[in-house]
Each structure stands twice: as structure tokens, then as C-alpha cells.
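> What follows is my_file.txt, compact mmCIF, C-alpha atoms.
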# COMPACT_ATOMS: atom_id res chain seq x y z
CA MET A 232 40.06 -21.80 24.29
CA ARG A 233 42.72 -21.32 26.94
CA VAL A 234 46.45 -21.73 26.31
CA LEU A 235 48.03 -24.12 28.82
CA TYR A 236 51.54 -24.40 27.32
CA GLU A 237 53.38 -22.99 24.33
CA ASP A 238 56.87 -23.06 22.87
CA ASN A 239 58.37 -22.83 19.37
CA HIS A 240 57.14 -26.29 18.36
CA ILE A 241 53.84 -27.06 20.12
CA ILE A 242 50.90 -25.32 21.72
CA ILE A 243 48.59 -27.02 24.23
CA VAL A 244 45.13 -25.58 24.82
CA SER A 245 42.07 -26.35 26.90
CA LYS A 246 39.15 -27.03 24.57
CA GLN A 247 35.64 -26.09 25.61
CA SER A 248 32.79 -28.51 24.97
CA GLY A 249 31.10 -27.62 21.69
CA GLU A 250 34.32 -26.66 19.92
CA ILE A 251 35.41 -28.88 17.05
CA VAL A 252 39.07 -29.75 16.64
CA GLN A 253 38.90 -30.27 12.88
CA GLY A 254 36.36 -29.33 10.23
CA ASP A 255 33.11 -31.24 9.78
CA LYS A 256 29.94 -30.88 7.73
CA THR A 257 28.70 -28.02 9.92
CA GLY A 258 31.40 -25.70 8.57
CA ASP A 259 31.86 -24.23 12.05
CA THR A 260 35.15 -22.59 12.99
CA THR A 261 37.59 -25.22 14.21
CA LEU A 262 39.90 -25.14 17.20
CA ALA A 263 42.86 -25.37 14.80
CA GLU A 264 41.62 -22.24 13.02
CA THR A 265 41.11 -20.43 16.32
CA VAL A 266 44.65 -21.31 17.42
CA ALA A 267 46.08 -20.23 14.06
CA GLN A 268 44.36 -16.86 14.38
CA TYR A 269 45.63 -16.50 17.95
CA LEU A 270 49.22 -17.15 16.81
CA LYS A 271 48.87 -14.84 13.83
CA GLU A 272 47.74 -11.98 16.05
CA LYS A 273 50.15 -12.68 18.92
CA TYR A 274 53.22 -12.73 16.70
CA ALA A 275 51.92 -10.39 13.97
CA LYS A 276 52.64 -13.04 11.36
CA PRO A 277 51.82 -12.30 7.71
CA GLY A 278 50.11 -14.97 5.62
CA ASN A 279 48.99 -18.37 6.82
CA VAL A 280 50.12 -19.84 10.15
CA PHE A 281 50.93 -23.55 10.40
CA VAL A 282 48.88 -25.42 12.98
CA GLY A 283 48.84 -29.21 12.85
CA VAL A 284 46.32 -31.41 14.66
CA THR A 285 48.05 -34.23 16.55
CA HIS A 286 44.94 -35.84 18.10
CA ARG A 287 41.25 -35.13 18.52
CA LEU A 288 38.54 -34.79 21.13
CA ASP A 289 34.88 -35.30 20.30
CA ARG A 290 32.88 -32.08 19.99
CA PRO A 291 30.95 -32.45 23.29
CA VAL A 292 34.15 -33.31 25.22
CA SER A 293 36.33 -30.72 26.95
CA GLY A 294 39.98 -30.66 27.93
CA VAL A 295 43.58 -30.87 26.76
CA VAL A 296 44.43 -30.71 23.05
CA VAL A 297 48.00 -30.66 21.69
CA LEU A 298 48.64 -28.87 18.39
CA ALA A 299 51.88 -28.61 16.45
CA LYS A 300 53.42 -25.32 15.28
CA THR A 301 55.92 -26.99 12.93
CA SER A 302 55.74 -29.89 10.49
CA LYS A 303 58.59 -31.62 12.35
CA ALA A 304 56.69 -31.49 15.63
CA LEU A 305 53.50 -32.68 13.91
CA ALA A 306 55.15 -35.74 12.40
CA ARG A 307 56.84 -36.68 15.67
CA MET A 308 53.72 -36.12 17.80
CA ASN A 309 51.62 -38.18 15.38
CA ASP A 310 54.16 -40.99 15.70
CA MET A 311 54.09 -40.76 19.50
CA PHE A 312 50.30 -40.91 19.62
CA SER A 313 50.20 -43.87 17.22
CA LYS A 314 52.76 -45.76 19.33
CA GLY A 315 50.92 -45.04 22.58
CA SER A 316 53.80 -43.15 24.17
CA VAL A 317 51.56 -40.26 25.25
CA ASP A 318 49.92 -40.68 28.67
CA LYS A 319 46.33 -39.40 28.45
CA ARG A 320 44.07 -39.24 31.50
CA TYR A 321 40.39 -38.40 31.39
CA LEU A 322 37.72 -37.72 34.00
CA ALA A 323 34.19 -39.00 33.45
CA ILE A 324 31.06 -38.42 35.49
CA VAL A 325 28.66 -41.37 35.44
CA ARG A 326 25.31 -42.06 37.10
CA ASN A 327 25.89 -45.75 37.84
CA ARG A 328 28.62 -46.88 40.19
CA PRO A 329 30.91 -49.47 38.58
CA VAL A 330 30.74 -52.95 40.08
CA ARG A 331 34.48 -52.86 40.73
CA PRO A 332 36.16 -49.64 41.89
CA GLU A 333 38.97 -50.06 39.38
CA GLY A 334 39.86 -52.29 36.50
CA GLU A 335 40.87 -52.75 32.88
CA LEU A 336 38.31 -52.89 30.09
CA VAL A 337 39.17 -54.87 26.96
CA ASN A 338 36.64 -54.82 24.12
CA TRP A 339 36.55 -54.99 20.36
CA LEU A 340 34.91 -51.93 18.81
CA VAL A 341 33.14 -51.69 15.49
CA ARG A 342 32.58 -48.21 14.11
CA ASN A 343 29.34 -47.42 12.29
CA GLU A 344 30.11 -44.45 10.04
CA LYS A 345 26.48 -43.66 9.20
CA GLN A 346 25.43 -43.53 12.84
CA ASN A 347 28.73 -41.94 13.97
CA ARG A 348 28.97 -44.33 16.88
CA SER A 349 30.84 -47.45 17.90
CA TYR A 350 29.64 -50.78 19.25
CA ALA A 351 31.59 -52.81 21.82
CA TYR A 352 31.94 -56.59 21.79
CA ASP A 353 33.53 -58.96 24.29
CA LYS A 354 35.26 -60.94 21.56
CA GLU A 355 36.84 -60.08 18.24
CA VAL A 356 34.30 -59.74 15.42
CA PRO A 357 34.67 -58.77 11.74
CA ASN A 358 35.95 -55.20 11.21
CA SER A 359 36.59 -54.72 14.94
CA LYS A 360 39.55 -53.05 16.62
CA LYS A 361 40.85 -53.94 20.05
CA ALA A 362 40.22 -51.23 22.66
CA VAL A 363 41.86 -51.13 26.08
CA LEU A 364 41.46 -48.65 28.93
CA LYS A 365 41.97 -48.58 32.66
CA TYR A 366 39.54 -46.86 35.01
CA ARG A 367 39.41 -46.01 38.70
CA LEU A 368 36.62 -44.67 40.88
CA VAL A 369 37.90 -41.40 42.34
CA ALA A 370 34.88 -39.99 44.17
CA SER A 371 31.14 -40.33 44.63
CA SER A 372 28.33 -37.91 45.42
CA VAL A 373 24.71 -38.70 46.17
CA ASN A 374 23.79 -39.19 42.51
CA TYR A 375 27.02 -39.36 40.51
CA HIS A 376 30.45 -40.97 40.44
CA LEU A 377 33.75 -39.58 39.15
CA LEU A 378 36.02 -41.97 37.26
CA GLU A 379 39.57 -41.45 36.12
CA VAL A 380 40.28 -43.16 32.80
CA LYS A 381 43.65 -43.95 31.22
CA LEU A 382 43.55 -44.77 27.52
CA GLU A 383 45.79 -47.57 26.33
CA THR A 384 44.49 -47.39 22.75
CA GLY A 385 42.85 -44.62 20.76
CA ARG A 386 39.60 -45.75 19.13
CA HIS A 387 36.54 -43.89 17.89
CA HIS A 388 34.37 -42.90 20.89
CA GLN A 389 36.36 -45.43 22.93
CA ILE A 390 35.74 -44.15 26.46
CA ARG A 391 32.10 -43.36 25.76
CA CYS A 392 31.49 -46.78 24.24
CA GLN A 393 33.43 -48.90 26.73
CA LEU A 394 32.01 -47.22 29.83
CA ALA A 395 28.50 -47.66 28.42
CA LYS A 396 29.26 -51.34 27.75
CA MET A 397 30.28 -51.62 31.42
CA GLY A 398 26.91 -50.21 32.43
CA CYS A 399 28.21 -46.72 33.23
CA PRO A 400 27.22 -44.35 30.40
CA ILE A 401 28.68 -40.88 30.74
CA LYS A 402 26.34 -38.19 32.03
CA GLY A 403 24.71 -36.32 29.14
CA ASP A 404 25.79 -38.83 26.50
CA LEU A 405 22.45 -39.75 24.93
CA LYS A 406 24.16 -41.60 22.08
CA TYR A 407 25.55 -44.14 24.54
CA GLY A 408 22.66 -44.56 26.93
CA ALA A 409 22.50 -41.54 29.25
CA GLU A 410 18.98 -40.77 30.47
CA ARG A 411 19.04 -37.09 29.57
CA SER A 412 21.26 -34.53 27.90
CA ASN A 413 23.29 -31.86 29.68
CA PRO A 414 21.80 -28.36 29.39
CA ASP A 415 24.80 -27.04 27.43
CA GLY A 416 24.95 -30.01 25.05
CA SER A 417 28.20 -31.30 26.54
CA ILE A 418 28.88 -34.76 27.86
CA SER A 419 30.59 -35.11 31.22
CA LEU A 420 33.93 -36.29 29.85
CA HIS A 421 37.03 -34.15 30.32
CA ALA A 422 40.56 -34.71 28.98
CA TYR A 423 42.19 -33.75 32.22
CA HIS A 424 45.91 -34.59 32.08
CA ILE A 425 48.51 -35.32 29.42
CA THR A 426 52.17 -36.30 29.81
CA PHE A 427 54.73 -36.94 27.07
CA GLU A 428 58.32 -36.37 26.01
CA HIS A 429 58.64 -33.18 23.98
CA PRO A 430 59.08 -34.10 20.30
CA VAL A 431 62.10 -31.81 19.84
CA SER A 432 63.65 -30.88 23.20
CA HIS A 433 62.81 -34.27 24.82
CA VAL A 434 61.93 -32.68 28.15
CA VAL A 435 58.86 -34.11 29.92
CA ILE A 436 55.71 -32.09 29.27
CA ASP A 437 53.07 -32.49 31.99
CA VAL A 438 49.90 -30.43 31.53
CA LYS A 439 46.46 -30.42 33.17
CA ALA A 440 43.30 -28.69 31.98
CA PRO A 441 41.08 -26.93 34.56
CA LEU A 442 37.72 -28.53 35.23
CA PRO A 443 34.63 -27.16 33.49
CA LEU A 444 32.96 -24.45 35.53
CA ASP A 445 29.56 -26.05 36.08
CA SER A 446 28.63 -26.90 39.65
CA LEU A 447 28.74 -30.69 39.34
CA TRP A 448 32.31 -30.71 38.01
CA GLN A 449 33.36 -28.20 40.65
CA SER A 450 31.82 -30.31 43.40
CA PHE A 451 34.47 -32.93 42.63
CA SER A 452 37.40 -30.49 42.48
CA SER A 453 38.63 -31.29 45.98
CA GLU A 454 39.10 -34.94 44.98
CA LEU A 455 41.69 -34.23 42.30
CA SER A 456 44.62 -34.26 44.71
CA GLN A 457 43.88 -37.94 45.35
CA ILE A 458 44.35 -38.69 41.67
CA GLN A 459 47.99 -37.68 41.85
CA GLU A 460 48.59 -39.71 44.99
CA ARG A 461 47.21 -43.02 43.66
CA ARG A 462 47.91 -43.51 40.00
CA PRO A 463 46.63 -46.80 38.50
What is this structure when it is put down as C-alpha cells?

Amino acid sequence: MRVLYEDNHIIIVSKQSGEIVQGDKTGDTTLAETVAQYLKEKYAKPGNVFVGVTHRLDRPVSGVVVLAKTSKALARMNDMFSKGSVDKRYLAIVRNRPVRPEGELVNWLVRNEKQNRSYAYDKEVPNSKKAVLKYRLVASSVNYHLLEVKLETGRHHQIRCQLAKMGCPIKGDLKYGAERSNPDGSISLHAYHITFEHPVSHVVIDVKAPLPLDSLWQSFSSELSQIQERRP
């Protein structure tokens, strides 16, 4: 965990792949618990420290996570996420080059709780939820392609599922069609950039998470400046 931004109301951290944001059946220490302990030690606070989860990243995904330090900030951030007023950008490494270098994907996703995965359909089906994202091809190497993804909705495994439906499963994501796993158990999906209006002060918060340190991610690092120059 690396702190990217902090004030009296929110704290933004860079999550490592493998960390869980909230508790699951494994019982492993959560990111929220790690942040609470960090705040407790930093400010020498007695008793419990309030840390509220405003959104989640899947366990094998890395990148930006926003947590609330007050109940007021939590309620307002939750409302902002639900209304889609938070701009979230992701980077994904895929093996297959998309047919079109940029576009909008619209699918209807059905979540299977037992399998912990979602299925994408081209038309609305029973129990489905509409999922929309925009993607853009940022760079290519000999074997892989780097996509920037902007979420318009927030569905279970949305990016993983929709990119796989497009024929571009994320590197390392066996659940959605990747050929092989990544050595560290991660998938090559990174929550890179988040922008929103602060829930209390109303200033614009604009935060980026550094790329994972493995060589493939770093080989694309020089391309990131282009992302800022040509926003979809």
C-alpha cells in the first residue's frame, strides 16, 4: 500500500495486486484494515479508526482506491460513485489487438454468484445489468497491447468481462479466457487514474497510481504521456 493523497476526509492509496479491499472468506487482512492501522499509528489515535470503503477493486487488480476517513465523506463519495460522477481510468494489457483502435462497448452482464464471474450478452436478458465502457489502444509491443479504459458504469468484473467478450481477455485473467496466469497471480489490469470533486471542499482531486514494477508494465511507461494528450 502506498498513500497517494490524504486530507481530513479522504485517503487515496495505491493497492497492490493480491490485496483485498474488503473482507472475504479467506479472512485475510483487508486494505481497509491496513489503512486504519496506518492512520492509528500515524496520528497515535486511541481506539478504533474509521475507514469507509467507497468502491472496490478485484483482488488481482492493482491501482487507485479511495477510502473515507469520516462518515460524511463516505456517504457523499458513495453517492458520487453511484451517480457516475467519478472519472475512473484503467490500463489493461491484452494479447489480442482490438479490431478497432477505440470504441464504446455496450453489453448486458449477468453475474453468477457461485462461479464469481459475469457473462456478457449483446442484448438485454433476464437478471442482466447494462454495462458501458470506452476503450482506446494506447500502445503495442511485439506480443501485447495496452488499452486505456474509461468506465461509464460499475458492474461486477465489468472490464474483465467486456474486454473478453470483445476478444481481448486481459493478460493473466484465466477466468475470462487468458491462456496462462501471471507468475504473481495478478491480472494485467491497473486502476491508473481517478478524478472527482472533493466531497467536502469541492476542489478537483486528480490522482494517478504508479505502474506495477514488472518489466512488461514498465515497458509501456513511456506511452503514458500520450494518454493525457488524447483523452477519449
> Please put the answer as AutoDock Vina command-line options: centre and edge lengths, in Å with one decimal, of a box along x, y and z that encloses all listed atoms of segment 308-325 of chain A plus 5 Å on each side.

--center_x 41.4 --center_y -40.9 --center_z 25.4 --size_x 35.5 --size_y 19.6 --size_z 30.1
> Give me the residues within 12 Å of Leu455 of chain A as a ChimeraX atom specification, counting all atoms listed in the file and dropping any in the same chain fewer than 4 places off.
/A:321-322,368-370,377-379,423-424,439-442,448-451,459-462
> Write a file of the selected residues as a PDB file, keeping the file's coordinate frame, keeping C-alpha atoms.

ATOM      1  CA  TYR A 321      40.390 -38.400  31.390  1.00  0.00           C
ATOM      2  CA  LEU A 322      37.720 -37.720  34.000  1.00  0.00           C
ATOM      3  CA  LEU A 368      36.620 -44.670  40.880  1.00  0.00           C
ATOM      4  CA  VAL A 369      37.900 -41.400  42.340  1.00  0.00           C
ATOM      5  CA  ALA A 370      34.880 -39.990  44.170  1.00  0.00           C
ATOM      6  CA  LEU A 377      33.750 -39.580  39.150  1.00  0.00           C
ATOM      7  CA  LEU A 378      36.020 -41.970  37.260  1.00  0.00           C
ATOM      8  CA  GLU A 379      39.570 -41.450  36.120  1.00  0.00           C
ATOM      9  CA  TYR A 423      42.190 -33.750  32.220  1.00  0.00           C
ATOM     10  CA  HIS A 424      45.910 -34.590  32.080  1.00  0.00           C
ATOM     11  CA  LYS A 439      46.460 -30.420  33.170  1.00  0.00           C
ATOM     12  CA  ALA A 440      43.300 -28.690  31.980  1.00  0.00           C
ATOM     13  CA  PRO A 441      41.080 -26.930  34.560  1.00  0.00           C
ATOM     14  CA  LEU A 442      37.720 -28.530  35.230  1.00  0.00           C
ATOM     15  CA  TRP A 448      32.310 -30.710  38.010  1.00  0.00           C
ATOM     16  CA  GLN A 449      33.360 -28.200  40.650  1.00  0.00           C
ATOM     17  CA  SER A 450      31.820 -30.310  43.400  1.00  0.00           C
ATOM     18  CA  PHE A 451      34.470 -32.930  42.630  1.00  0.00           C
ATOM     19  CA  GLN A 459      47.990 -37.680  41.850  1.00  0.00           C
ATOM     20  CA  GLU A 460      48.590 -39.710  44.990  1.00  0.00           C
ATOM     21  CA  ARG A 461      47.210 -43.020  43.660  1.00  0.00           C
ATOM     22  CA  ARG A 462      47.910 -43.510  40.000  1.00  0.00           C
TER      23      ARG A 462
END
> Hey, what's within 10 Å of Gly385 of chain A if we count all atoms listed in the file and toss same-chain stuff fewer than 4 positions away? As a list of chain:residue names, please?
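The residues satisfying every condition are A:His286, A:Arg287, A:Phe312, A:Ser313, A:Gly315, A:Lys319, A:Lys360, A:Lys361, A:Ala362, A:Val363, A:Leu364, A:Gln389, A:Ile390.
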> What is the distance between atom CA of Val297 of chain A and atom CA of Lys273 of chain A, in Å to one decimal?
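Computing the Euclidean distance for atom CA of Val297 of chain A and atom CA of Lys273 of chain A yields 18.3 Å.
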> Which of these, A:Gly249, A:Pro400, A:Gly283, A:Pro329, has the shortest distance to Lys300 of chain A once you count only C-alpha atoms?
A:Gly283
> Could you check which of A:Arg391, A:Lys402, A:Arg233, A:Lys246 is closest to Tyr350 of chain A, using only C-alpha atoms?
A:Arg391
> Taking into account only C-alpha atoms, which residue in the set A:Ser452, A:Val434, A:Asp445, A:Val325 is nearest to Tyr407 of chain A?
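Looking only at the distances to Tyr407 of chain A, the closest residue turns out to be A:Val325.
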> Using all atoms listed in the file, can you tell me which of A:Ile401, A:Ile418, A:Lys276, A:Val295 comes closest to Asp318 of chain A?
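Using all atoms listed in the file, the shortest distance to Asp318 of chain A belongs to A:Val295.
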> Give the answer as one residue: which of A:Tyr269, A:Val252, A:Arg331, A:Lys406 has the shortest atom-to-atom distance to Asn347 of chain A, using only C-alpha atoms?
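Answer, going by the shortest atom-to-atom distance: A:Lys406.
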> For His388 of chain A, which residue out of A:Leu420, A:Leu235, A:Val435, A:Ala275 is the nearest one, using all atoms listed in the file?
A:Leu420
> Could you state the separation of atom CA of Leu288 of chain A and atom CA of Asp255 of chain A in Å, given to one decimal place?
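Computing the Euclidean distance for atom CA of Leu288 of chain A and atom CA of Asp255 of chain A yields 13.1 Å.
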> I'd like the interatomic distance between atom CA of Glu250 of chain A and atom CA of Lys303 of chain A, to a tenth of an Å.
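Going from atom CA of Glu250 of chain A over to atom CA of Lys303 of chain A, I get 25.9 Å.
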> So that I can see what lies close to Ser248 of chain A, please list as a list of chain:residue names the residues with an atom at most 6 Å from it, counting only C-alpha atoms and leaving out residues fewer than 6 positions away in the same chain.
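That gives A:Pro291, A:Val292, A:Ser293, A:Ser417.
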> Please dump the current selection as a compact mmCIF listing (two decimals), in the coordinates of the input; keep C-alpha atoms.

# COMPACT_ATOMS: atom_id res chain seq x y z
CA PRO A 291 30.95 -32.45 23.29
CA VAL A 292 34.15 -33.31 25.22
CA SER A 293 36.33 -30.72 26.95
CA SER A 417 28.20 -31.30 26.54
> Skipping near chain neighbours, those fewer than 6 positions away, what residues fall within 8 Å of Arg328 of chain A using only C-alpha atoms, listed as a PyMOL selection string?
chain A and resi 375-376+399
